[in-house]
>>> print(open('query_3.txt').read())   # compact mmCIF, C-alpha atoms
# COMPACT_ATOMS: atom_id res chain seq x y z
CA MET A 17 -52.92 -11.55 1.87
CA ALA A 18 -50.22 -9.32 0.61
CA THR A 19 -46.86 -9.73 2.19
CA LEU A 20 -43.86 -7.53 2.61
CA LYS A 21 -40.63 -8.26 0.81
CA VAL A 22 -38.02 -7.63 3.44
CA GLY A 23 -34.30 -7.24 3.03
CA LEU A 24 -32.06 -6.63 6.03
CA VAL A 25 -28.62 -5.75 4.73
CA SER A 26 -25.32 -4.60 6.15
CA PRO A 27 -22.46 -3.40 3.96
CA GLU A 28 -20.69 -6.71 4.26
CA ARG A 29 -23.56 -9.09 3.60
CA GLU A 30 -27.28 -9.64 3.35
CA VAL A 31 -28.29 -10.54 6.87
CA TRP A 32 -31.84 -11.68 6.21
CA SER A 33 -34.27 -11.52 3.34
CA GLY A 34 -37.65 -13.00 2.66
CA GLU A 35 -41.38 -12.48 2.91
CA ALA A 36 -42.90 -11.07 6.06
CA LYS A 37 -46.28 -10.13 7.50
CA MET A 38 -45.01 -7.35 9.66
CA VAL A 39 -41.84 -5.49 10.51
CA VAL A 40 -41.28 -3.43 13.65
CA ALA A 41 -38.47 -0.89 13.63
CA GLN A 42 -37.38 1.81 16.01
CA THR A 43 -36.79 5.27 14.66
CA ILE A 44 -35.38 8.22 16.51
CA GLU A 45 -38.92 9.30 17.29
CA GLY A 46 -40.42 5.99 18.33
CA GLN A 47 -41.49 2.55 17.26
CA LEU A 48 -42.93 1.98 13.83
CA GLY A 49 -44.93 -1.07 12.84
CA ILE A 50 -44.98 -1.75 9.11
CA MET A 51 -47.64 -3.90 7.49
CA PRO A 52 -48.41 -4.50 3.84
CA GLY A 53 -49.78 -1.44 2.09
CA HIS A 54 -47.76 1.02 4.13
CA ALA A 55 -47.07 4.44 2.63
CA PRO A 56 -43.56 4.98 1.26
CA VAL A 57 -41.23 6.11 4.02
CA LEU A 58 -37.52 6.76 4.31
CA GLY A 59 -36.55 6.83 7.95
CA VAL A 60 -33.55 6.91 10.23
CA LEU A 61 -33.09 3.97 12.59
CA LEU A 62 -32.25 4.45 16.21
CA ASP A 63 -28.59 3.47 16.59
CA GLY A 64 -28.50 0.33 18.71
CA SER A 65 -32.06 -0.86 18.44
CA VAL A 66 -33.89 -4.04 17.56
CA VAL A 67 -35.78 -4.70 14.36
CA LYS A 68 -38.42 -7.42 14.56
CA ILE A 69 -39.75 -9.32 11.59
CA GLU A 70 -42.74 -11.66 11.53
CA PRO A 71 -42.09 -14.08 8.65
CA ALA A 72 -44.95 -14.78 6.26
CA ASP A 73 -44.59 -18.54 6.61
CA GLY A 74 -45.86 -18.31 10.17
CA GLY A 75 -42.52 -18.99 11.81
CA GLU A 76 -41.29 -17.32 14.93
CA TRP A 77 -40.52 -13.63 15.07
CA ILE A 78 -37.03 -12.78 13.97
CA SER A 79 -35.12 -10.22 15.96
CA ALA A 80 -32.05 -8.45 14.75
CA MET A 81 -29.79 -5.87 16.30
CA VAL A 82 -29.07 -2.87 14.10
CA GLY A 83 -26.48 -0.14 14.45
CA SER A 84 -26.54 3.18 12.67
CA GLY A 85 -28.65 2.98 9.54
CA PHE A 86 -31.97 3.66 7.88
CA PHE A 87 -34.93 1.91 6.31
CA SER A 88 -37.07 2.46 3.27
CA ILE A 89 -40.59 1.29 2.55
CA ALA A 90 -42.05 1.36 -0.94
CA ASP A 91 -44.49 -0.89 -2.79
CA ASN A 92 -44.56 -3.49 -0.02
CA GLU A 93 -40.81 -3.69 -0.06
CA VAL A 94 -38.99 -2.98 3.14
CA SER A 95 -35.23 -2.50 3.11
CA VAL A 96 -33.37 -2.10 6.33
CA LEU A 97 -29.82 -0.87 5.82
CA ALA A 98 -27.58 -0.82 8.85
CA GLU A 99 -23.86 -0.40 9.27
CA GLN A 100 -23.97 -3.15 11.85
CA ALA A 101 -26.64 -5.80 11.73
CA GLU A 102 -26.77 -9.12 13.50
CA LEU A 103 -29.56 -11.66 13.86
CA GLY A 104 -30.56 -12.48 17.41
CA SER A 105 -29.79 -16.14 16.79
CA GLU A 106 -26.24 -15.24 15.76
CA VAL A 107 -25.42 -13.09 18.77
CA ASP A 108 -22.76 -14.41 21.07
CA VAL A 109 -24.43 -13.59 24.39
CA ALA A 110 -21.28 -13.82 26.48
CA ASP A 111 -19.46 -11.54 24.06
CA ALA A 112 -22.32 -9.03 24.04
CA ARG A 113 -22.39 -9.01 27.85
CA ARG A 114 -18.66 -8.35 27.93
CA ALA A 115 -19.13 -5.50 25.44
CA LEU A 116 -21.86 -4.07 27.64
CA ASP A 117 -19.67 -4.24 30.74
CA GLU A 118 -16.84 -2.56 28.89
CA ALA A 119 -19.14 0.17 27.62
CA LEU A 120 -20.48 0.75 31.13
CA THR A 121 -17.08 0.97 32.77
CA ALA A 122 -15.72 3.14 29.97
CA ALA A 123 -18.45 5.74 30.10
CA GLY A 124 -19.74 5.59 33.67
CA ALA A 125 -23.07 4.10 34.56
CA ASP A 126 -25.26 7.15 33.96
CA GLN A 127 -24.20 7.98 30.44
CA ASP A 128 -26.04 6.68 27.44
CA THR A 129 -23.34 5.74 24.93
CA THR A 130 -23.68 4.21 21.51
CA ALA A 131 -21.55 1.25 22.49
CA GLU A 132 -23.79 0.57 25.46
CA ARG A 133 -26.99 0.89 23.45
CA ARG A 134 -25.61 -1.44 20.79
CA ALA A 135 -24.57 -4.03 23.35
CA ARG A 136 -28.01 -3.85 25.01
CA ALA A 137 -29.70 -4.19 21.62
CA ARG A 138 -27.61 -7.27 20.86
CA LEU A 139 -28.72 -8.84 24.12
CA ARG A 140 -32.36 -7.91 23.52
CA ALA A 141 -32.22 -9.36 20.02
CA ALA A 142 -30.76 -12.56 21.42
CA GLY A 143 -33.70 -12.72 23.80
CA SER A 144 -31.77 -12.30 27.01
CA GLU A 145 -32.43 -9.36 29.28
CA ALA A 146 -29.86 -6.61 29.54
CA MET B 4 32.80 -32.34 -11.52
CA ALA B 5 32.64 -29.02 -9.75
CA GLN B 6 30.24 -27.79 -12.42
CA ILE B 7 27.78 -30.60 -11.76
CA ARG B 8 27.69 -29.80 -8.09
CA GLN B 9 27.13 -26.13 -8.89
CA LEU B 10 24.27 -26.88 -11.27
CA ARG B 11 22.69 -29.25 -8.81
CA GLN B 12 22.73 -26.53 -6.18
CA GLN B 13 21.22 -24.04 -8.58
CA ILE B 14 18.41 -26.45 -9.47
CA ARG B 15 17.70 -27.01 -5.79
CA SER B 16 17.46 -23.30 -5.12
CA VAL B 17 15.22 -22.61 -8.13
CA LYS B 18 13.01 -25.50 -7.09
CA SER B 19 12.46 -24.06 -3.64
CA THR B 20 11.67 -20.65 -5.18
CA ALA B 21 9.15 -22.32 -7.46
CA LYS B 22 7.56 -23.97 -4.45
CA ILE B 23 7.11 -20.62 -2.76
CA THR B 24 5.71 -18.86 -5.82
CA ARG B 25 3.44 -21.79 -6.49
CA ALA B 26 2.08 -21.61 -2.94
CA GLN B 27 1.60 -17.84 -3.29
CA GLU B 28 -0.25 -18.41 -6.53
CA MET B 29 -2.57 -20.92 -4.93
CA ILE B 30 -3.25 -18.67 -1.94
CA ALA B 31 -4.03 -15.75 -4.24
CA THR B 32 -6.37 -17.92 -6.32
CA SER B 33 -8.40 -18.93 -3.30
CA ARG B 34 -8.48 -15.33 -2.05
CA ILE B 35 -9.80 -14.02 -5.37
CA VAL B 36 -12.89 -16.16 -4.89
CA LYS B 37 -13.30 -14.85 -1.35
CA ALA B 38 -12.82 -11.26 -2.47
CA GLN B 39 -15.36 -11.71 -5.24
CA THR B 40 -17.85 -13.12 -2.76
CA ALA B 41 -17.30 -10.05 -0.59
CA VAL B 42 -17.94 -7.79 -3.58
CA ALA B 43 -21.17 -9.64 -4.33
CA ALA B 44 -22.25 -9.57 -0.68
CA SER B 45 -21.78 -5.81 -0.48
CA LYS B 46 -23.92 -5.21 -3.54
CA PRO B 47 -27.43 -5.24 -2.00
CA TYR B 48 -26.45 -2.52 0.48
CA ALA B 49 -24.82 -0.38 -2.20
CA ASP B 50 -27.79 -0.74 -4.53
CA GLN B 51 -30.31 0.12 -1.82
CA ILE B 52 -28.40 3.16 -0.71
CA VAL B 53 -28.19 4.49 -4.27
CA ARG B 54 -31.91 3.90 -4.71
CA ALA B 55 -32.80 5.69 -1.50
CA LEU B 56 -30.52 8.59 -2.34
CA THR B 57 -31.91 8.88 -5.87
CA ALA B 58 -35.43 8.91 -4.43
CA LEU B 59 -34.48 11.56 -1.94
CA VAL B 60 -32.79 13.80 -4.47
CA SER B 61 -35.45 13.46 -7.13
CA HIS B 62 -38.17 14.56 -4.71
CA ASN B 63 -36.30 17.39 -3.15
CA VAL B 64 -35.07 19.58 -5.93
CA GLY B 65 -32.62 22.17 -4.72
CA ILE B 66 -31.54 19.98 -1.85
CA ASP B 67 -28.67 21.47 0.06
CA HIS B 68 -25.95 19.70 1.96
CA PRO B 69 -22.34 20.68 2.57
CA LEU B 70 -21.10 17.43 1.02
CA LEU B 71 -22.82 18.27 -2.26
CA ASN B 72 -21.38 21.75 -2.60
CA GLU B 73 -18.41 22.70 -4.70
CA GLN B 74 -15.68 24.48 -2.78
CA PRO B 75 -13.70 26.33 -5.43
CA GLU B 76 -11.95 28.47 -2.80
CA ASP B 77 -10.12 25.44 -1.36
CA ALA B 78 -7.08 24.71 -3.52
CA ARG B 79 -5.99 21.67 -1.54
CA THR B 80 -7.27 18.51 -3.17
CA ALA B 81 -7.18 15.05 -1.70
CA VAL B 82 -6.26 12.08 -3.86
CA LEU B 83 -7.12 8.80 -2.19
CA ILE B 84 -4.79 6.14 -3.56
CA ILE B 85 -5.63 2.52 -2.90
CA THR B 86 -2.54 0.29 -3.07
CA SER B 87 -1.65 -3.04 -1.48
CA ASP B 88 0.25 -3.75 1.72
CA ARG B 89 2.41 -6.47 0.23
CA GLY B 90 4.36 -6.65 -3.00
CA PHE B 91 4.70 -9.74 -5.20
CA ALA B 92 1.78 -8.51 -7.23
CA GLY B 93 3.37 -7.67 -10.55
CA GLY B 94 2.53 -4.22 -11.83
CA TYR B 95 -0.47 -3.71 -9.55
CA ASN B 96 0.94 -0.98 -7.34
CA ALA B 97 3.05 0.58 -10.08
CA ASN B 98 -0.06 1.00 -12.22
CA VAL B 99 -2.06 2.62 -9.44
CA ILE B 100 0.76 5.00 -8.54
CA ARG B 101 1.43 5.92 -12.17
CA GLU B 102 -2.23 6.79 -12.65
CA ALA B 103 -2.29 8.71 -9.37
CA GLU B 104 0.79 10.71 -10.36
CA ALA B 105 -0.83 11.58 -13.68
CA LEU B 106 -3.91 12.82 -11.82
CA ILE B 107 -1.78 14.80 -9.40
CA ALA B 108 0.08 16.44 -12.28
CA LYS B 109 -3.21 17.28 -13.96
CA LEU B 110 -4.66 18.79 -10.79
CA ARG B 111 -1.50 20.79 -10.25
CA ALA B 112 -1.79 22.18 -13.79
CA GLU B 113 -5.30 23.34 -12.86
CA GLY B 114 -3.82 25.38 -10.04
CA LYS B 115 -4.76 23.03 -7.22
CA ARG B 116 -2.56 21.57 -4.53
CA PRO B 117 -3.08 17.82 -4.55
CA VAL B 118 -2.28 15.87 -1.40
CA PRO B 119 -2.10 12.08 -1.46
CA TYR B 120 -4.16 10.12 1.07
CA VAL B 121 -2.76 6.65 0.88
CA VAL B 122 -4.19 3.22 1.65
CA GLY B 123 -1.70 0.33 1.72
CA ASN B 124 1.89 -0.02 2.75
CA LYS B 125 3.34 0.05 -0.77
CA GLY B 126 1.87 3.45 -1.58
CA VAL B 127 2.90 4.86 1.79
CA THR B 128 6.48 3.69 1.29
CA TRP B 129 6.57 5.13 -2.21
CA TYR B 130 5.52 8.59 -1.06
CA ARG B 131 7.57 8.56 2.08
CA PHE B 132 10.72 7.55 0.19
CA ARG B 133 10.26 10.58 -2.02
CA ASN B 134 9.67 12.81 0.98
CA ARG B 135 6.24 13.85 -0.21
CA GLU B 136 3.51 15.15 2.04
CA ILE B 137 0.92 12.51 2.92
CA GLY B 138 -2.47 13.75 4.07
CA ALA B 139 -3.40 10.54 5.85
CA GLN B 140 -2.47 6.90 5.61
CA TRP B 141 -4.08 3.59 6.40
CA THR B 142 -2.38 0.20 6.29
CA GLY B 143 -2.94 -3.36 7.36
CA PHE B 144 -6.16 -4.32 5.61
CA SER B 145 -5.62 -3.95 1.87
CA ASP B 146 -6.10 -7.64 1.08
CA ARG B 147 -9.33 -8.05 3.01
CA PRO B 148 -10.96 -4.76 3.89
CA SER B 149 -13.85 -4.69 6.34
CA PHE B 150 -16.55 -2.07 6.47
CA PRO B 151 -15.24 -0.34 9.62
CA ASP B 152 -11.98 0.28 7.69
CA ALA B 153 -13.92 2.02 4.92
CA GLU B 154 -15.95 3.86 7.53
CA GLY B 155 -12.81 5.28 9.13
CA ILE B 156 -11.50 6.47 5.79
CA GLY B 157 -14.86 7.93 4.79
CA ARG B 158 -15.22 9.84 8.06
CA ARG B 159 -11.74 11.29 7.78
CA LEU B 160 -12.28 12.40 4.19
CA ALA B 161 -15.69 13.92 4.90
CA ALA B 162 -14.30 15.74 7.93
CA ASP B 163 -11.37 17.11 5.91
CA PHE B 164 -13.74 18.20 3.18
CA LEU B 165 -15.81 20.22 5.63
CA LYS B 166 -12.71 22.01 6.96
CA THR B 167 -11.38 25.09 5.21
CA ASP B 168 -8.09 25.29 3.38
CA ALA B 169 -6.32 27.02 6.26
CA GLU B 170 -7.27 24.28 8.74
CA GLY B 171 -5.81 21.60 6.48
CA GLY B 172 -9.06 20.84 4.76
CA VAL B 173 -9.53 19.93 1.13
CA GLY B 174 -11.84 21.20 -1.57
CA GLU B 175 -12.21 18.04 -3.60
CA ILE B 176 -11.61 14.35 -3.14
CA HIS B 177 -10.55 12.01 -5.92
CA VAL B 178 -9.97 8.28 -5.68
CA VAL B 179 -7.58 6.10 -7.65
CA TYR B 180 -8.35 2.41 -7.35
CA THR B 181 -8.31 -0.78 -9.41
CA GLU B 182 -11.49 -2.20 -10.80
CA PHE B 183 -11.69 -5.99 -11.02
CA VAL B 184 -12.96 -6.59 -14.54
CA SER B 185 -12.09 -10.27 -14.81
CA MET B 186 -9.42 -12.71 -13.66
CA LEU B 187 -7.19 -11.46 -16.46
CA THR B 188 -8.12 -7.79 -16.64
CA GLN B 189 -7.94 -5.19 -13.92
CA ALA B 190 -8.30 -1.55 -14.80
CA VAL B 191 -7.11 1.42 -12.77
CA GLN B 192 -9.96 3.87 -12.28
CA VAL B 193 -9.99 7.53 -11.30
CA ARG B 194 -13.15 8.93 -9.73
CA ARG B 195 -14.16 12.13 -8.03
CA LEU B 196 -15.77 11.20 -4.73
CA ILE B 197 -16.66 14.53 -3.11
CA PRO B 198 -18.45 16.79 -4.01
CA LEU B 199 -20.82 13.99 -4.74
CA GLU B 200 -22.15 13.23 -8.13
CA ILE B 201 -24.95 10.85 -7.39
CA GLU B 202 -25.06 8.28 -10.12
CA ASP B 203 -28.46 8.25 -11.67
CA THR B 204 -30.03 4.82 -11.66
CA THR B 205 -33.58 5.78 -12.56
CA ALA B 206 -32.87 5.18 -16.23
CA THR B 207 -32.23 1.51 -15.56
CA ASP B 208 -34.91 1.20 -12.89
CA GLY B 209 -37.74 2.41 -15.06
CA GLY B 210 -40.45 4.61 -13.61
CA THR B 211 -40.08 7.31 -11.02
CA PRO B 212 -39.38 6.40 -7.40
CA PRO B 213 -42.34 6.62 -5.03
CA ALA B 214 -43.12 9.79 -3.11
CA TYR B 215 -41.47 9.05 0.22
CA GLU B 216 -42.33 10.46 3.57
CA PHE B 217 -39.36 11.10 5.78
CA GLU B 218 -38.80 10.07 9.36
CA PRO B 219 -38.06 12.46 11.04
CA THR B 220 -37.23 14.95 8.21
CA ALA B 221 -35.66 14.87 4.78
CA GLY B 222 -32.68 16.80 6.12
CA ASP B 223 -32.02 14.26 8.87
CA VAL B 224 -32.27 11.37 6.47
CA LEU B 225 -29.85 13.09 4.10
CA ASP B 226 -27.41 13.79 6.93
CA LEU B 227 -27.22 10.06 7.57
CA LEU B 228 -27.50 8.88 4.01
CA LEU B 229 -24.68 10.92 2.46
CA PRO B 230 -21.85 9.77 4.74
CA ASN B 231 -23.16 6.21 4.44
CA TYR B 232 -23.16 6.55 0.68
CA ILE B 233 -19.57 7.77 0.68
CA GLU B 234 -18.49 4.96 2.99
CA SER B 235 -20.27 2.39 0.91
CA ARG B 236 -18.58 3.72 -2.25
CA ILE B 237 -15.16 3.60 -0.59
CA PHE B 238 -15.88 0.11 0.69
CA HIS B 239 -16.83 -0.96 -2.81
CA MET B 240 -13.62 0.49 -4.24
CA MET B 241 -11.53 -1.19 -1.56
CA LEU B 242 -13.16 -4.55 -2.23
CA GLN B 243 -12.59 -4.15 -5.95
CA SER B 244 -8.98 -3.24 -5.33
CA ALA B 245 -8.51 -6.23 -3.02
CA ALA B 246 -9.88 -8.59 -5.65
CA SER B 247 -7.62 -6.97 -8.25
CA GLU B 248 -4.63 -7.26 -5.95
CA HIS B 249 -5.16 -10.99 -5.58
CA ALA B 250 -5.69 -11.43 -9.30
CA ALA B 251 -2.52 -9.46 -10.08
CA ARG B 252 -0.59 -11.48 -7.52
CA ARG B 253 -1.90 -14.73 -8.91
CA ARG B 254 -0.77 -13.79 -12.40
CA ALA B 255 2.64 -12.57 -11.25
CA MET B 256 3.20 -15.69 -9.19
CA LYS B 257 2.03 -17.95 -11.99
CA SER B 258 4.54 -16.50 -14.45
CA ALA B 259 7.22 -16.68 -11.76
CA THR B 260 6.46 -20.37 -11.26
CA ASP B 261 6.47 -20.97 -15.01
CA ASN B 262 9.82 -19.22 -15.37
CA ALA B 263 11.29 -21.20 -12.51
CA ASN B 264 10.15 -24.48 -14.06
CA GLU B 265 11.66 -23.48 -17.38
CA LEU B 266 14.92 -22.61 -15.66
CA ILE B 267 14.93 -25.97 -13.90
CA GLY B 268 14.57 -27.63 -17.31
CA VAL B 269 17.49 -25.68 -18.76
CA TYR B 270 19.73 -26.40 -15.77
CA THR B 271 18.81 -30.07 -15.77
CA ARG B 272 19.75 -30.42 -19.43
CA GLN B 273 23.01 -28.60 -18.83
CA MET B 274 23.78 -30.81 -15.89
CA ASN B 275 23.06 -33.99 -17.87
CA GLN B 276 25.28 -32.79 -20.66
CA VAL B 277 28.14 -32.13 -18.31
CA ARG B 278 27.64 -35.47 -16.60
CA GLN B 279 27.50 -37.29 -19.88
CA ALA B 280 30.68 -35.57 -21.04
CA ALA B 281 32.40 -36.59 -17.84
CA ILE B 282 31.31 -40.20 -18.25
CA THR B 283 32.39 -40.31 -21.89
CA GLN B 284 35.72 -38.91 -20.95
CA GLU B 285 36.15 -41.47 -18.18
CA ILE B 286 35.30 -44.34 -20.49
CA SER B 287 37.68 -43.16 -23.16
CA GLU B 288 40.36 -42.78 -20.50
CA ILE B 289 39.76 -46.33 -19.24
CA VAL B 290 39.67 -47.74 -22.76
CA GLY B 291 42.79 -45.79 -23.63
CA GLY B 292 44.49 -47.09 -20.47
CA ALA B 293 43.44 -50.70 -21.16
CA ASP B 294 44.66 -50.45 -24.74
CA ALA B 295 47.97 -49.12 -23.58
CA LEU B 296 48.29 -51.95 -21.07
CA ALA B 297 47.32 -54.60 -23.60
CA ASP B 298 49.85 -53.15 -26.05
CA SER B 299 52.64 -53.23 -23.51
CA GLY B 300 51.64 -56.70 -22.05
CA GLY B 301 51.48 -58.34 -25.48
CA GLU B 302 55.08 -57.61 -26.26
>>> encode(input="query_3.txt", output="structure tokens")
Amino acid sequence: MATLKVGLVSPEREVWSGEAKMVVAQTIEGQLGIMPGHAPVLGVLLDGSVVKIEPADGGEWISAMVGSGFFSIADNEVSVLAEQAELGSEVDVADARRALDEALTAAGADQDTTAERRARARLRAAGSEA
Amino acid sequence: MAQIRQLRQQIRSVKSTAKITRAQEMIATSRIVKAQTAVAASKPYADQIVRALTALVSHNVGIDHPLLNEQPEDARTAVLIITSDRGFAGGYNANVIREAEALIAKLRAEGKRPVPYVVGNKGVTWYRFRNREIGAQWTGFSDRPSFPDAEGIGRRLAADFLKTDAEGGVGEIHVVYTEFVSMLTQAVQVRRLIPLEIEDTTATDGGTPPAYEFEPTAGDVLDLLLPNYIESRIFHMMLQSAASEHAARRRAMKSATDNANELIGVYTRQMNQVRQAAITQEISEIVGGADALADSGGE
């Protein structure tokens, strides 16, 4: 079976790269599942969302938090470019929770701020509920 | 005897200077490696963004975006000058500023009003000392820039570009930075950043990029892509400059250490000579004294 060549990069480093069966990303308009053979797309990522990758070697799903960025799909190559990107396994949960609290107190509970969304995405990527 | 003491003191002081410059040299050497790693790590992102942008532009002929438009009516021109925060780097800052001044003179001759936007303490001090207008300044991160630093600079420049002349906006943005060619060579570069000239990579890629669909629309993607592209370019230039700064500092500190060691050699020889002369004189005095005694005692 064909696989996707995935690269998740931030300006400062390559966060993850490898072969994958499937990638799920969130765009401004909704979730997008990408499997091998997908049509070429250039899309904008939802700021503060989670990208999920199913590795081709059958390992566990990889979650990563992404900040403002975009993705491109072409010839079974998926590139996710985000200004902030962090693997779920790298997230410092306590730190993310603190960031969330700060974002909530700074903006008031009913406002949807970027900082809050990013903090929630970090927690989701780490696998702990926000 | 006084001369020996003086020389000894001088040697001690030069030795401690050499220790400092040697330490600086070693720090700079280790930082060059780190800076080079950072340059390499930022490459995938930069490459991808250029590819995406090339794909976008090649499929949408006649694409329109404020950041791509020339603004000939705005005479103010920004010159982003990337210098270092600290000195002790040989000619690094002097070279950047000389090149920047040449650019400013050239722009002025074209009837524009160049305004320096300065990164790094050394550049800021240089312009402030001469009482020149500074458009904006950033300090504190020249030796290890992070992406948010570049992002801040990019946002400010893009925002100023979109403003009109009367509001303090600028019509063009140029960058003067130092490209890290090798450990021994660093070259000052001058580039025009905005309006964008997207560097064409299709020639090296081979083949045309695929026909992309856009989520949600090509315009939205472009709105996001262009500022990111600018920020990634600035980040790249800052990383290059940081690597160059460390390389320049390493070289300056190495020659300072070499000079200090040479000086220590010269002083040591001088001191030995003086000491030897003193000893010889003492011996001849003693011998002379003994002879005189023997002469008088023998009578």
>>> closest_residue(input="query_3.txt", among="A:Gln47, A:Ser105, A:Thr130, A:Asn92", to="A:Trp77", atoms="only C-alpha atoms")
A:Ser105
>>> interface_residues(input="query_3.txt", of="chain B", to="chain A", cutoff="10 Å", atoms="all atoms listed in the file", output="PyMOL selection string")
chain B and resi 40-49+51-52+54-56+58-59+148-151+154+212-221+223-228+231+234-235+238-239
>>> residues_around(input="query_3.txt", residues="stretch 28-32 of chain B", least_positions_apart="3", cutoff="8 Å", atoms="all atoms listed in the file", output="JSON, numbers by chain")
{"B": [24, 25, 35, 36, 249, 250, 252, 253, 254, 256, 257]}
>>> atom_distance(input="query_3.txt", atom1="atom CA of A:Asp108", atom2="atom CA of A:Leu139")
8.7 Å
>>> residues_around(input="query_3.txt", residues="B:Gly94", least_positions_apart="2", cutoff="10 Å", atoms="all atoms listed in the file", output="VMD selection string")
chain B and resid 90 to 92 96 to 100 248 251 to 252 255
>>> atom_distance(input="query_3.txt", atom1="atom CA of B:Ala259", atom2="atom CA of B:Ser33")
17.9 Å
>>> residues_around(input="query_3.txt", residues="stretch 180-191 of chain B", least_positions_apart="4", cutoff="7 Å", atoms="all atoms listed in the file", output="list in words")
Ile84, Ile85, Val99, Met240, Gln243, Ser244, Ala246, Ser247 and Ala250 of chain B
>>> residues_around(input="query_3.txt", residues="B:Trp141", least_positions_apart="2", cutoff="9 Å", atoms="only C-alpha atoms", output="list of chain:residue names")
B:Tyr120, B:Val121, B:Val122, B:Gly123, B:Asn124, B:Val127, B:Ala139, B:Gly143, B:Phe144, B:Ser145, B:Asp152, B:Ile156
>>> atom_distance(input="query_3.txt", atom1="atom CA of B:Gln27", atom2="atom CA of B:Gln273")
28.6 Å
>>> closest_residue(input="query_3.txt", among="B:Pro69, B:Pro117, B:Ala108, B:Ser19", to="B:Leu229", atoms="only C-alpha atoms")
B:Pro69
>>> residues_around(input="query_3.txt", residues="A:Ile50", least_positions_apart="2", cutoff="9 Å", atoms="all atoms listed in the file", output="list of chain:residue names")
A:Leu20, A:Lys37, A:Met38, A:Val39, A:Val40, A:Ala41, A:Leu48, A:Pro52, A:Gly53, A:His54, A:Ile89, A:Val94
